[in-house]
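Notes follow once the structure below has been shown.
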Amino acid sequence: MTPLPDRVAALAAAALDAPVDDVRALLAPPRDRGRADLALPCFQIAKRRGANPVEVARAAAAAIAVAPPLAEVEAAGPYLNFTFEAGAIAEEVVGGAIAADAGYGTSDEGAGKTVVVDFSSPNIAKPFGIHHLRSTVIGAAIGRVLRARGYAVEGVNHLGDWGTQFGQLIVAYRRWGDERRLDGEGIPYLLELYVRFNEEKEAAPELQDEARAAFRALEAGDADCRALWARFKEVSEAEFRRVYDILGVTFEHFTGESFYEDKMPEVLAELEASGLLEQSDDATVVNLEDDGLGVSLVKKGDDSTLYVTRDLAAAIHRHRTFGFHKALYVVGAAQSLHFKQLFRILEKLGKPFAGDMVHVPFGLLRFKDGKMSTRQGKVIFLEEVLDRAVELARKIIEEKNPDLSDRDRVARQVGIGAVVFNDLKSRRVKDVTFDWDEVLSFEGDTGPYLQYTHARCANIFRKAGRAPEERAADVDYGRLELEPERELIRVIGQLGDHVRRAAEEYEPSIVAQYLLSTAARFNRFYNDDRCRVVGADPETREARLALVRATQITLRNGLALLGLEAPDEM
RNA sequence: GCGCCCGUAGCUCAGUUGGAUAGAGCAUCGGUUUCCUAAACCGAAGGCCACAGGUUCGAAUCCUGUCGGGCGUACCA
């Protein structure tokens with residue numbers, strides 16, 4: 001059956017003598033106040049024919065025959081408002097959501113297309129800090145949203161496992177390292193060495209030269225340096241995998257920067273052949289001054305490589321391997337220039353896919369008193385944050401629902417949900433200031449609020465003595481006619497639109513905000529005495545159970561896109 | 001200096017791609033539980049949408065400029 005908005009667009013287009021597509025594009029749910037389900041602003045259409053929009057709306061309203069599924073067509077000033085019969089819209093939205101179930105909100109518009117998502121990408125030998133959560137959680141959510149739109153997604157963890165910093169670490173370890181402490185303490189010990197190196201470097205600048213030499217040796221294949229590097233990497237990956245398990249984040253590929261080591265000579269040769277390389281102060285650069293992008297250093301004075309060199313190799317390799325539709329880089333906004341340079345160089349190399357590469361930036365995580373700095377040891381370990389959140393969730397459960405059978409599991413779901421949601425709820429470009437109170441908040445616009453709302457839905461089914469999956473044969477959707485019900489139905493009907501926008505804009509917060517408004521609508525319904533489910537007459541009860549089920553599906557699917565679990569009880 | 005990003009309630013943020021009277025959460029004050037979990041709900045208070053111009057029937061949204069903040073600006077990533 002044709003979706004209701006399309007049918008309205010057809011009716012309105014006929015009455016207005018305007019193209020259906022134009023009308024369909026203008027048709028939108030009105031802002032909260034109105035009662036109508038859809039509204040059509042008539043300004044543009046009126047202007048095109050030099051008429052008064054108020055007149056146009058009034059004439060159109062008179063010309064449209066009000067027949068099911070429409071209950072009312074009204075001209076409100078320059079707007080044309082449409083209201084559906086309660087049963088028609090409820091059947092389409094609620095019935096549709098229940099029928100689609102896990103598929104509700106998805107689409108196949110990306111079928112046959114592959115998107116590569118480069119995200120998380122922490123640096124080896126450094127702790128997985130709270131600041132890595134941003135790329136990890138945002139990138140993972142973008143990947144899930146794209147999959148929901150039908151795209152094939154290749155998630156790549158571009159581990160920072162190559163570069164001068166390993167020269168630094170090798171130097172630090174050779175000078176001050178202690179085998180037993182490395183064995184026993186792992187990453188925190190490596191962090192200690194890294195911090196010490198950066199402190200001592202202040203007084204002894206020659207240390208930096210030593211570090212560059214060590215990295216050069218590493219790149220040249222020096223056995224000793226290799227062994228140390230492999231050791232650092234092994235210690236780090238163990239910790240990272242633990243964190244990813246906790247967050248439920250997976251990758252198709254764990255190809256770090258070192259993976260491209262043997263692929264860089266080819267790129268450098270291609271750059272050379274294209275005449276893009278210049279010598280400048282001993283270094284090898286690509287000059288992008290004409291594009292207003294400065295110069296990009298592809299090789300240092302000592303011939304060792306840089307970040308951009310590896311990213312060029314990675315981009316070419318990825319296109320060769322995946323033939324991607326888009327390649328996304330979920331990396332902090334601070335690296336905007338780097339990506340502009342990278343994409344521009346690919347363009348200059350004549351790579352046809354250069355235009356399909358997208359930097360998806362996000363804002364900096366900062367402390368109240370300034371920037372987070374690994375070099376100074378100013379980091380908050382992600383695991384500490386998660387542990388505290390889970391601990392607090394456990395405490396709250398013991399207070400509010402001490403009989404809950406699955407306490408540990410739910411505490412984990414809720415605690416982690418709070419931390420993850422907190423990072424996804426605002427537009428990603430905004431800088432965020434780390435605040436324990438905010439991260440550990442479970443009330444208001446939070447993940448636990450959404451999870452709690454979902455649990456309420458599940459609880460209604462328990463109270464009704466019904467399995468949520470069980471479907472009544474006949475539901476009289478016309479019973480859903482009270483205002484709180486109608487508003488809940490309207491919002492449920494918009495999941496797919498919001499998933500689409502989130503995919504188009506690579507913006508998980510669109511889903512997060514949508515879920516908050518869905519939960520708010522449901523809770524209003526839930527708290528309204530007129531809308532009680534279990535005590536209602538049999539017909540109304542069935543209809544409301546269907547509405548609760550549709551809400552539950554919407555919340556559960558949306559939470560899943562963000563990487564949050566949806567417990568049935570908490 | 002130049003480039004990119006941000007500026008909406010005391011604080012943290014939404015604002016459906018330019019539409020109707022700018023909305024939430026937190027904090028403050030007041031209320032709701034013999035009734036499906038109060039991690040909730042209802043109400044009060046809180047606004048020069050940084051500022052100034054411009055485009056438009058219409059601007060928080062688009063353009064220009066100013067101010068404020070953040071980030072970046074070659075041998076780190």
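Residue numbers start at 1 in each chain; chains themselves are named A, B, ... in the order of the structure tokens; ligands are numbered from 1 in the order shown.
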
task: Kindly determine which residues of chain B lie within 6 Å of chain A, considering only C-alpha atoms (C1' of nucleotides), and give the answer as a ChimeraX atom specification.
output: /B:25,36,39,41,71,74-75

message: I'd like the contact shell of G47 in chain B - 10 Å cut-off, only C-alpha atoms (C1' of nucleotides), skipping same-chain residues fewer than 4 positions apart - returned as a ChimeraX atom specification.
response: /B:8-9,22

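Per DSSP on the backbone, strand (DSSP E or B) in range 56-241 of chain A comprises Leu70, Ala71, Glu72, Val73, Glu74, Ala75, Ala76, Tyr79, Leu80, Asn81, Phe82, Thr83, Phe84, Thr114, Val115, Val116, Val117, Asp118, Asn123, Gly129, Ala152, Val153, Glu154, Gly155, Val156 and Gly160 of chain A.
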
Output N, CA, C and O atoms for every residue in that selection, as an mmCIF file, in the first residue's frame.
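Output saved as selection-v9.cif:
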data_model
loop_
_atom_site.group_PDB
_atom_site.id
_atom_site.type_symbol
_atom_site.label_atom_id
_atom_site.label_comp_id
_atom_site.auth_asym_id
_atom_site.auth_seq_id
_atom_site.Cartn_x
_atom_site.Cartn_y
_atom_site.Cartn_z
ATOM 1 N N LEU A 70 -8.145 10.191 5.205
ATOM 2 C CA LEU A 70 -8.111 11.540 5.769
ATOM 3 C C LEU A 70 -9.332 11.786 6.641
ATOM 4 O O LEU A 70 -10.447 11.390 6.284
ATOM 5 N N ALA A 71 -9.109 12.423 7.757
ATOM 6 C CA ALA A 71 -10.212 12.779 8.630
ATOM 7 C C ALA A 71 -10.521 14.261 8.511
ATOM 8 O O ALA A 71 -11.646 14.691 8.697
ATOM 9 N N GLU A 72 -9.485 15.057 8.182
ATOM 10 C CA GLU A 72 -9.695 16.492 8.128
ATOM 11 C C GLU A 72 -8.636 17.157 7.270
ATOM 12 O O GLU A 72 -7.469 16.771 7.293
ATOM 13 N N VAL A 73 -9.060 18.113 6.492
ATOM 14 C CA VAL A 73 -8.139 18.968 5.763
ATOM 15 C C VAL A 73 -8.513 20.389 6.115
ATOM 16 O O VAL A 73 -9.656 20.781 5.966
ATOM 17 N N GLU A 74 -7.515 21.135 6.581
ATOM 18 C CA GLU A 74 -7.850 22.459 7.084
ATOM 19 C C GLU A 74 -6.806 23.467 6.614
ATOM 20 O O GLU A 74 -5.605 23.185 6.659
ATOM 21 N N ALA A 75 -7.276 24.613 6.166
ATOM 22 C CA ALA A 75 -6.355 25.693 5.856
ATOM 23 C C ALA A 75 -6.163 26.512 7.118
ATOM 24 O O ALA A 75 -7.115 27.058 7.658
ATOM 25 N N ALA A 76 -4.945 26.557 7.599
ATOM 26 C CA ALA A 76 -4.627 27.371 8.772
ATOM 27 C C ALA A 76 -3.704 28.472 8.295
ATOM 28 O O ALA A 76 -2.501 28.273 8.189
ATOM 29 N N TYR A 79 -0.962 27.695 5.677
ATOM 30 C CA TYR A 79 -0.647 26.273 5.769
ATOM 31 C C TYR A 79 -1.877 25.428 5.474
ATOM 32 O O TYR A 79 -3.002 25.792 5.822
ATOM 33 N N LEU A 80 -1.579 24.281 4.876
ATOM 34 C CA LEU A 80 -2.628 23.318 4.616
ATOM 35 C C LEU A 80 -2.355 22.126 5.531
ATOM 36 O O LEU A 80 -1.329 21.452 5.395
ATOM 37 N N ASN A 81 -3.266 21.909 6.479
ATOM 38 C CA ASN A 81 -3.029 20.861 7.470
ATOM 39 C C ASN A 81 -3.883 19.633 7.208
ATOM 40 O O ASN A 81 -5.069 19.736 6.947
ATOM 41 N N PHE A 82 -3.234 18.481 7.319
ATOM 42 C CA PHE A 82 -3.912 17.213 7.087
ATOM 43 C C PHE A 82 -3.927 16.377 8.357
ATOM 44 O O PHE A 82 -2.898 16.226 9.010
ATOM 45 N N THR A 83 -5.102 15.858 8.668
ATOM 46 C CA THR A 83 -5.205 14.954 9.808
ATOM 47 C C THR A 83 -5.777 13.632 9.314
ATOM 48 O O THR A 83 -6.775 13.619 8.590
ATOM 49 N N PHE A 84 -5.127 12.550 9.706
ATOM 50 C CA PHE A 84 -5.606 11.229 9.303
ATOM 51 C C PHE A 84 -6.615 10.690 10.298
ATOM 52 O O PHE A 84 -6.616 11.088 11.468
ATOM 53 N N THR A 114 29.791 -0.383 -0.972
ATOM 54 C CA THR A 114 30.654 -0.611 0.182
ATOM 55 C C THR A 114 31.184 0.715 0.716
ATOM 56 O O THR A 114 31.628 1.564 -0.060
ATOM 57 N N VAL A 115 31.117 0.880 2.030
ATOM 58 C CA VAL A 115 31.700 2.051 2.660
ATOM 59 C C VAL A 115 32.788 1.580 3.627
ATOM 60 O O VAL A 115 32.558 0.688 4.438
ATOM 61 N N VAL A 116 33.958 2.159 3.486
ATOM 62 C CA VAL A 116 35.046 1.853 4.414
ATOM 63 C C VAL A 116 35.007 2.890 5.529
ATOM 64 O O VAL A 116 34.951 4.087 5.264
ATOM 65 N N VAL A 117 34.970 2.429 6.761
ATOM 66 C CA VAL A 117 34.956 3.358 7.893
ATOM 67 C C VAL A 117 36.215 3.148 8.722
ATOM 68 O O VAL A 117 36.416 2.097 9.324
ATOM 69 N N ASP A 118 37.055 4.159 8.708
ATOM 70 C CA ASP A 118 38.299 4.128 9.470
ATOM 71 C C ASP A 118 38.005 4.794 10.803
ATOM 72 O O ASP A 118 37.678 5.978 10.855
ATOM 73 N N ASN A 123 46.657 4.764 19.501
ATOM 74 C CA ASN A 123 48.088 4.550 19.359
ATOM 75 C C ASN A 123 48.540 3.414 20.257
ATOM 76 O O ASN A 123 48.218 3.384 21.451
ATOM 77 N N GLY A 129 42.539 5.784 26.326
ATOM 78 C CA GLY A 129 42.000 6.853 27.165
ATOM 79 C C GLY A 129 40.562 7.175 26.845
ATOM 80 O O GLY A 129 40.021 6.731 25.832
ATOM 81 N N ALA A 152 27.272 -2.189 2.606
ATOM 82 C CA ALA A 152 28.251 -3.103 3.178
ATOM 83 C C ALA A 152 29.317 -2.225 3.826
ATOM 84 O O ALA A 152 29.760 -1.249 3.218
ATOM 85 N N VAL A 153 29.688 -2.525 5.053
ATOM 86 C CA VAL A 153 30.630 -1.673 5.761
ATOM 87 C C VAL A 153 31.897 -2.458 6.109
ATOM 88 O O VAL A 153 31.825 -3.577 6.602
ATOM 89 N N GLU A 154 33.037 -1.856 5.789
ATOM 90 C CA GLU A 154 34.321 -2.426 6.190
ATOM 91 C C GLU A 154 34.907 -1.513 7.260
ATOM 92 O O GLU A 154 35.394 -0.426 6.970
ATOM 93 N N GLY A 155 34.827 -1.949 8.502
ATOM 94 C CA GLY A 155 35.378 -1.165 9.601
ATOM 95 C C GLY A 155 36.865 -1.437 9.743
ATOM 96 O O GLY A 155 37.278 -2.583 9.848
ATOM 97 N N VAL A 156 37.638 -0.371 9.702
ATOM 98 C CA VAL A 156 39.095 -0.535 9.775
ATOM 99 C C VAL A 156 39.643 0.169 11.007
ATOM 100 O O VAL A 156 39.377 1.351 11.232
ATOM 101 N N GLY A 160 47.653 3.171 15.444
ATOM 102 C CA GLY A 160 48.861 3.990 15.366
ATOM 103 C C GLY A 160 50.046 3.189 15.858
ATOM 104 O O GLY A 160 50.488 3.346 16.986
#

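With only C-alpha atoms as the atoms that count, the residue of A:Gly275, A:Gly105, A:Pro265, A:Gly95 with the shortest distance to Ala148 in chain A is A:Gly105.
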
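Residues surrounding range 485-492 of chain A within 7 Å are Ala90, Val93, Val94, Leu480, Thr518, Arg521, Phe522, Phe525, Thr551 and Thr554 of chain A [only C-alpha atoms (C1' of nucleotides); sequence separation below 5 positions excluded].
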
From the DSSP assignment of the backbone, select every residue of range 225-308 of chain A that is alpha helix (DSSP H), and format the answer as a PDB file with N, CA and C atoms, in the first residue's frame.
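Now in selection.pdb:
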ATOM      1  N   CYS A 225      65.367  -3.299  17.196  1.00  0.00           N
ATOM      2  CA  CYS A 225      64.253  -2.350  17.251  1.00  0.00           C
ATOM      3  C   CYS A 225      62.946  -3.071  16.944  1.00  0.00           C
ATOM      4  N   ARG A 226      62.968  -3.932  15.959  1.00  0.00           N
ATOM      5  CA  ARG A 226      61.789  -4.710  15.585  1.00  0.00           C
ATOM      6  C   ARG A 226      61.244  -5.507  16.764  1.00  0.00           C
ATOM      7  N   ALA A 227      62.145  -6.156  17.452  1.00  0.00           N
ATOM      8  CA  ALA A 227      61.733  -7.019  18.558  1.00  0.00           C
ATOM      9  C   ALA A 227      61.051  -6.189  19.651  1.00  0.00           C
ATOM     10  N   LEU A 228      61.658  -5.047  19.946  1.00  0.00           N
ATOM     11  CA  LEU A 228      61.062  -4.196  20.975  1.00  0.00           C
ATOM     12  C   LEU A 228      59.683  -3.711  20.539  1.00  0.00           C
ATOM     13  N   TRP A 229      59.622  -3.259  19.303  1.00  0.00           N
ATOM     14  CA  TRP A 229      58.360  -2.740  18.758  1.00  0.00           C
ATOM     15  C   TRP A 229      57.267  -3.808  18.815  1.00  0.00           C
ATOM     16  N   ALA A 230      57.625  -5.024  18.404  1.00  0.00           N
ATOM     17  CA  ALA A 230      56.644  -6.112  18.393  1.00  0.00           C
ATOM     18  C   ALA A 230      56.148  -6.381  19.813  1.00  0.00           C
ATOM     19  N   ARG A 231      57.054  -6.246  20.750  1.00  0.00           N
ATOM     20  CA  ARG A 231      56.735  -6.461  22.149  1.00  0.00           C
ATOM     21  C   ARG A 231      55.706  -5.417  22.633  1.00  0.00           C
ATOM     22  N   PHE A 232      55.998  -4.170  22.319  1.00  0.00           N
ATOM     23  CA  PHE A 232      55.091  -3.080  22.725  1.00  0.00           C
ATOM     24  C   PHE A 232      53.704  -3.298  22.115  1.00  0.00           C
ATOM     25  N   LYS A 233      53.713  -3.717  20.886  1.00  0.00           N
ATOM     26  CA  LYS A 233      52.467  -3.871  20.164  1.00  0.00           C
ATOM     27  C   LYS A 233      51.608  -4.982  20.777  1.00  0.00           C
ATOM     28  N   GLU A 234      52.280  -6.056  21.113  1.00  0.00           N
ATOM     29  CA  GLU A 234      51.591  -7.207  21.684  1.00  0.00           C
ATOM     30  C   GLU A 234      50.932  -6.833  23.022  1.00  0.00           C
ATOM     31  N   VAL A 235      51.701  -6.152  23.846  1.00  0.00           N
ATOM     32  CA  VAL A 235      51.185  -5.725  25.155  1.00  0.00           C
ATOM     33  C   VAL A 235      49.953  -4.839  24.975  1.00  0.00           C
ATOM     34  N   SER A 236      50.009  -3.954  23.987  1.00  0.00           N
ATOM     35  CA  SER A 236      48.922  -2.989  23.786  1.00  0.00           C
ATOM     36  C   SER A 236      47.655  -3.639  23.261  1.00  0.00           C
ATOM     37  N   GLU A 237      47.819  -4.483  22.271  1.00  0.00           N
ATOM     38  CA  GLU A 237      46.634  -5.049  21.628  1.00  0.00           C
ATOM     39  C   GLU A 237      45.785  -5.841  22.597  1.00  0.00           C
ATOM     40  N   ALA A 238      46.448  -6.477  23.554  1.00  0.00           N
ATOM     41  CA  ALA A 238      45.691  -7.245  24.543  1.00  0.00           C
ATOM     42  C   ALA A 238      44.733  -6.322  25.283  1.00  0.00           C
ATOM     43  N   GLU A 239      45.218  -5.140  25.656  1.00  0.00           N
ATOM     44  CA  GLU A 239      44.358  -4.215  26.382  1.00  0.00           C
ATOM     45  C   GLU A 239      43.243  -3.665  25.493  1.00  0.00           C
ATOM     46  N   PHE A 240      43.579  -3.341  24.253  1.00  0.00           N
ATOM     47  CA  PHE A 240      42.569  -2.777  23.356  1.00  0.00           C
ATOM     48  C   PHE A 240      41.410  -3.753  23.139  1.00  0.00           C
ATOM     49  N   ARG A 241      41.764  -4.996  22.920  1.00  0.00           N
ATOM     50  CA  ARG A 241      40.707  -5.972  22.640  1.00  0.00           C
ATOM     51  C   ARG A 241      39.760  -6.115  23.820  1.00  0.00           C
ATOM     52  N   ARG A 242      40.308  -5.985  25.004  1.00  0.00           N
ATOM     53  CA  ARG A 242      39.466  -6.049  26.193  1.00  0.00           C
ATOM     54  C   ARG A 242      38.448  -4.916  26.180  1.00  0.00           C
ATOM     55  N   VAL A 243      38.912  -3.714  25.847  1.00  0.00           N
ATOM     56  CA  VAL A 243      38.020  -2.550  25.810  1.00  0.00           C
ATOM     57  C   VAL A 243      36.951  -2.710  24.726  1.00  0.00           C
ATOM     58  N   TYR A 244      37.362  -3.190  23.552  1.00  0.00           N
ATOM     59  CA  TYR A 244      36.395  -3.355  22.469  1.00  0.00           C
ATOM     60  C   TYR A 244      35.334  -4.389  22.836  1.00  0.00           C
ATOM     61  N   ASP A 245      35.753  -5.414  23.553  1.00  0.00           N
ATOM     62  CA  ASP A 245      34.788  -6.417  24.000  1.00  0.00           C
ATOM     63  C   ASP A 245      33.748  -5.787  24.918  1.00  0.00           C
ATOM     64  N   ILE A 246      34.224  -4.976  25.844  1.00  0.00           N
ATOM     65  CA  ILE A 246      33.305  -4.323  26.780  1.00  0.00           C
ATOM     66  C   ILE A 246      32.301  -3.457  26.023  1.00  0.00           C
ATOM     67  N   LEU A 247      32.784  -2.743  25.013  1.00  0.00           N
ATOM     68  CA  LEU A 247      31.928  -1.819  24.279  1.00  0.00           C
ATOM     69  C   LEU A 247      31.106  -2.520  23.200  1.00  0.00           C
ATOM     70  N   MET A 264      54.484   1.698   0.785  1.00  0.00           N
ATOM     71  CA  MET A 264      54.828   3.113   0.607  1.00  0.00           C
ATOM     72  C   MET A 264      55.774   3.370  -0.568  1.00  0.00           C
ATOM     73  N   PRO A 265      56.750   2.487  -0.826  1.00  0.00           N
ATOM     74  CA  PRO A 265      57.652   2.779  -1.957  1.00  0.00           C
ATOM     75  C   PRO A 265      56.886   2.984  -3.259  1.00  0.00           C
ATOM     76  N   GLU A 266      55.850   2.204  -3.454  1.00  0.00           N
ATOM     77  CA  GLU A 266      55.051   2.322  -4.671  1.00  0.00           C
ATOM     78  C   GLU A 266      54.426   3.722  -4.781  1.00  0.00           C
ATOM     79  N   VAL A 267      53.882   4.181  -3.659  1.00  0.00           N
ATOM     80  CA  VAL A 267      53.264   5.512  -3.651  1.00  0.00           C
ATOM     81  C   VAL A 267      54.294   6.591  -3.927  1.00  0.00           C
ATOM     82  N   LEU A 268      55.436   6.463  -3.278  1.00  0.00           N
ATOM     83  CA  LEU A 268      56.482   7.467  -3.469  1.00  0.00           C
ATOM     84  C   LEU A 268      56.939   7.487  -4.919  1.00  0.00           C
ATOM     85  N   ALA A 269      57.013   6.312  -5.503  1.00  0.00           N
ATOM     86  CA  ALA A 269      57.417   6.239  -6.913  1.00  0.00           C
ATOM     87  C   ALA A 269      56.367   6.909  -7.797  1.00  0.00           C
ATOM     88  N   GLU A 270      55.111   6.688  -7.472  1.00  0.00           N
ATOM     89  CA  GLU A 270      54.029   7.277  -8.255  1.00  0.00           C
ATOM     90  C   GLU A 270      54.033   8.802  -8.126  1.00  0.00           C
ATOM     91  N   LEU A 271      54.291   9.269  -6.918  1.00  0.00           N
ATOM     92  CA  LEU A 271      54.378  10.713  -6.702  1.00  0.00           C
ATOM     93  C   LEU A 271      55.523  11.288  -7.529  1.00  0.00           C
ATOM     94  N   GLU A 272      56.631  10.576  -7.508  1.00  0.00           N
ATOM     95  CA  GLU A 272      57.815  10.996  -8.261  1.00  0.00           C
ATOM     96  C   GLU A 272      57.483  11.071  -9.745  1.00  0.00           C
ATOM     97  N   ALA A 273      56.852  10.002 -10.233  1.00  0.00           N
ATOM     98  CA  ALA A 273      56.536   9.919 -11.661  1.00  0.00           C
ATOM     99  C   ALA A 273      55.569  11.024 -12.088  1.00  0.00           C
ATOM    100  N   TYR A 307      53.124  10.227   8.538  1.00  0.00           N
ATOM    101  CA  TYR A 307      51.700   9.948   8.593  1.00  0.00           C
ATOM    102  C   TYR A 307      51.040   9.956   7.215  1.00  0.00           C
ATOM    103  N   VAL A 308      51.240  11.051   6.492  1.00  0.00           N
ATOM    104  CA  VAL A 308      50.540  11.204   5.215  1.00  0.00           C
ATOM    105  C   VAL A 308      51.004  10.165   4.191  1.00  0.00           C
TER     106      VAL A 308
END

Contacts of C62 in chain B within 9 Å, only C-alpha atoms (C1' of nucleotides), excl. fewer than 3 positions in-chain, as a list in words: G18, U55 and A59 of chain B
